[in-house]
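Trainee: The structure follows.
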Amino acid sequence: VDRDLVERAREGDREAFAVLVHQVSDSLYAVAFRILRDASLAEDALQNALVLAWRQLPRLRDADRFEAWIHRILVHACYDESQRARHWTANVRVLPADGPSTPDGTDAVADRDELERAFRRLSVEQRAVFVLHHYLGLPLVEVAELLEIPAGTARSRLHYAIAELRDALTVDAELLSQGGRFA
Amino acid sequence: MTDDRSLERAARSFIESGPTRAPDRAVEAALLRIDTTSQVRGLWVPWRFVVMNKSVGIAVGATAILGIALLAAALAIGRPEPSVGNPPSSPASSPTMTATTSPAPSIAALSAGPLTAGRYTTQSAFPLRITVTVPDGWQALAASPSTVSILQSGNGENAAFLGFWIVETAHRDPCDPGGVADTPVGPTAGDLAAALAGSPGFDATGPTAVSVDGVEGEFVELIGPHAGCTDPEPALWLTPDGSCRCMNPAVERNRLWILEVDGNRLVIDALDIPASEGVEETSIADLAELQGIIDSIEISR
């Protein structure tokens with residue numbers, strides 16, 4: 001990101017900000033989608049984050065921190081969207097199924113649908129750490145700094161995310177073997 | 001899947017799949033909203049804190065004590081009844097002396113610039129009509145549709161300040177240099193009072209119930225920011241027209257009366273500098289003037 005663009009946008013230059021938006025929106029949307037696992041929610045989070053970033057940009061003191069700063073705003077926008085959507089995403093329940101799609105848990109792990117379901121069961125905070133670390137490739141220390149949490153908290157969120165993914169996949173595998181599926 | 005490492009690898013592979021381009025409609029919609037959205041511009045109280053030379057501080061302190069003694073003698077005859085209910089939490093820090101000069105009988109508009117002693121009212125751009133009695137030596141700062149403020153002039157960089165703010169929301173963490181005013185704050189005075197009282201990096205007293213010119217509300221006292229505050233200009237709240245209440249890095253005491261008046265959430269912000277290491281606090285005489293103005297507040301309803 002061009003520092004000059006950030007400084008011009010901070011001074012109220014809408015055209016400069018529009019250029020910045022086009023530079024960062026793909027990355028922001030990709031992160032939002034991976035945290036929220038929903039295209040519509042990710043679009044809303046992206047829009048809200050961009051508008052909020054524009055409003056708050058004069059408060060950004062260090063133009064070099066723009067990318068980390070706007071990703072932080074995006075993650076908070078994802079938290080808000082997740083909260084709004086909680087009423088329906090929480091209604092995951094087991095329904096009778098036609099039959100197991102895979103015979104054992106090992107194969108099921110490779111199944112995208114199962115990973116999708118398992119990932120959705122993580123808290124949005126766990127997903128954020130996982131995505132920033134594994135998708136954006138940020139070291140955990142930088143993830144912690146971006147999310148304004150202690151490094152130990154970032155580490156434990158990642159640890160528990162993996163543990164819960166394992167648990168979720170194990171439960172799925174057991175349910176599948178018993179002839180159920182999730183809806 | 002046999003271990004966490006392979007599980008993590010599979011999950012990482014899963015997370016890498018998915019869209020990598022933002023839909024054009026989302027980006028265009030955001031840009032459209034931005035076209036009609038104002039940026040937040042800080043309204044800093046216009047002084048900078050200075051660490052005074054110790055001998056100067058002693059001299060100023062002695063002058064202030066002498067001034068207070070003379071002032072107290074001059075006011076011994078009596079003073080008007082205050083119209084603002086002082087919160088019970090800080091009686092020692094809320095002097096009860098009034099303004100040092102007699103107000104003019106007419107009421108003038110509170111417009112930017114030096115003020116002579118008299119009675120002043122907020123201008124029409126501000127949604128509420130608030131009237132105060134101001135002594136000599138104060139100035140009005142430039143007003144906005146959501147802010148009216150007055151500042152003691154010529155009394156150094158620890159002068160007292162009084163602001164009237166229409167407040168929309170609060171900052172989640174005033175000390176976050178990249179922070180945003182995104183704390184979910186409900187619509188009532190109590191909601192805002194609770195949010196401000198929970199501001200990280202500040203010592204808070206309250207909220208406690210209070211009455212200002214007959215309007216019931218909440219009182220919060222904030223002292224800070226603490227030494228660990230990383231934002232050189234911490235921001236407390238945001239107004240509906242996108243201005244923030246930004247602070248100087250020095251420790252301030254903000255006494256906040258938070259009221260609901262005619263559908264507006266009004267914050268009366270009385271600011272002074274408390275004593276701390278190497279710091280000259282707002283003088284007792286200046287605090288007395290500030291309290292006199294606070295006591296004179298009338299809110300038209």
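Note on naming: chains are A, B, ... as they come in the structure tokens, residues start from 1 per chain, ligands start from 1 in the order shown.
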Taking only C-alpha atoms into account, report as a list in words which residues of chain B lie within 6 Å of chain A.
Mentor: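 The answer, sorted by residue number, is Met1, Pro19, Thr20, Arg21, Ala22, Ala26, Ala30, Ile34, Gln39, Val40 and Gly178 of chain B.
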Trainee: Do a neighbour search on Ile273 in chain B at 8 Å with only C-alpha atoms, toss out local chain neighbours closer than 4 positions, and write the hits as a PyMOL selection string.
Mentor: chain B and resi 158-160+251-253+280-282
Trainee: Applying 9 Å and only C-alpha atoms, which residues near Glu168 in chain B remain after dropping the ones on its own chain fewer than 5 positions away? List them as a short mmCIF file (atom, residue, chain, number, x, y, z; two decimals) with N, CA, C and O atoms, in the first residue's frame.
Mentor:
data_model
loop_
_atom_site.label_atom_id
_atom_site.label_comp_id
_atom_site.auth_asym_id
_atom_site.auth_seq_id
_atom_site.Cartn_x
_atom_site.Cartn_y
_atom_site.Cartn_z
N VAL B 185 -23.09 1.35 22.16
CA VAL B 185 -23.64 2.11 23.27
C VAL B 185 -25.12 2.32 23.00
O VAL B 185 -25.49 2.81 21.93
N PRO B 187 -29.00 3.93 23.66
CA PRO B 187 -29.38 5.33 23.41
C PRO B 187 -29.48 6.21 24.66
O PRO B 187 -29.59 7.42 24.53
N LEU B 192 -24.48 5.47 28.00
CA LEU B 192 -23.21 6.15 27.72
C LEU B 192 -22.37 6.28 28.99
O LEU B 192 -21.15 6.10 28.96
N TRP B 237 -15.06 9.99 22.94
CA TRP B 237 -16.36 9.76 22.33
C TRP B 237 -16.45 10.40 20.97
O TRP B 237 -15.58 11.15 20.55
N LEU B 238 -17.56 10.09 20.31
CA LEU B 238 -17.79 10.56 18.95
C LEU B 238 -19.14 11.27 18.90
O LEU B 238 -20.11 10.80 19.49
N THR B 239 -19.19 12.38 18.17
CA THR B 239 -20.45 13.11 18.03
C THR B 239 -21.17 12.67 16.76
O THR B 239 -20.55 12.05 15.88
N PRO B 240 -22.44 13.01 16.61
CA PRO B 240 -23.18 12.57 15.40
C PRO B 240 -22.59 13.14 14.11
O PRO B 240 -22.75 12.54 13.06
N ASP B 241 -21.92 14.30 14.18
CA ASP B 241 -21.34 14.83 12.95
C ASP B 241 -19.88 14.42 12.79
O ASP B 241 -19.14 15.01 12.01
N GLY B 242 -19.48 13.40 13.51
CA GLY B 242 -18.18 12.79 13.25
C GLY B 242 -17.00 13.47 13.89
O GLY B 242 -15.89 13.38 13.38
N ARG B 265 -28.56 13.41 23.47
CA ARG B 265 -27.75 12.95 24.60
C ARG B 265 -26.65 13.99 24.81
O ARG B 265 -25.71 14.09 24.04
#
Trainee: Between CA of Gly186 in chain B and CA of Gly263 in chain B, what is the distance in Å, rounded to a tenth?
Mentor: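 Rounded to one decimal, the two atoms are 13.4 Å apart.
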Trainee: Kindly give the distance, in Å, that separates CA of Ala109 in chain B and CA of Arg301 in chain B, rounded to a single decimal.
Mentor: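 CA of Arg301 in chain B lies 17.7 Å from CA of Ala109 in chain B.
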Trainee: Taking only C-alpha atoms into account, which of A:Leu36, A:Val1, A:Val143, A:Ala154 comes nearest Ser123 in chain A?
Mentor: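 So, comparing all the options, the nearest one is A:Leu36.
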Trainee: Using only C-alpha atoms, pick whichever of A:Val141, A:Val129, A:Leu122, A:Leu147 has the shortest atom-to-atom distance to Asp167 in chain A.
Mentor: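 The answer is A:Leu122, which sits nearest to Asp167 in chain A.
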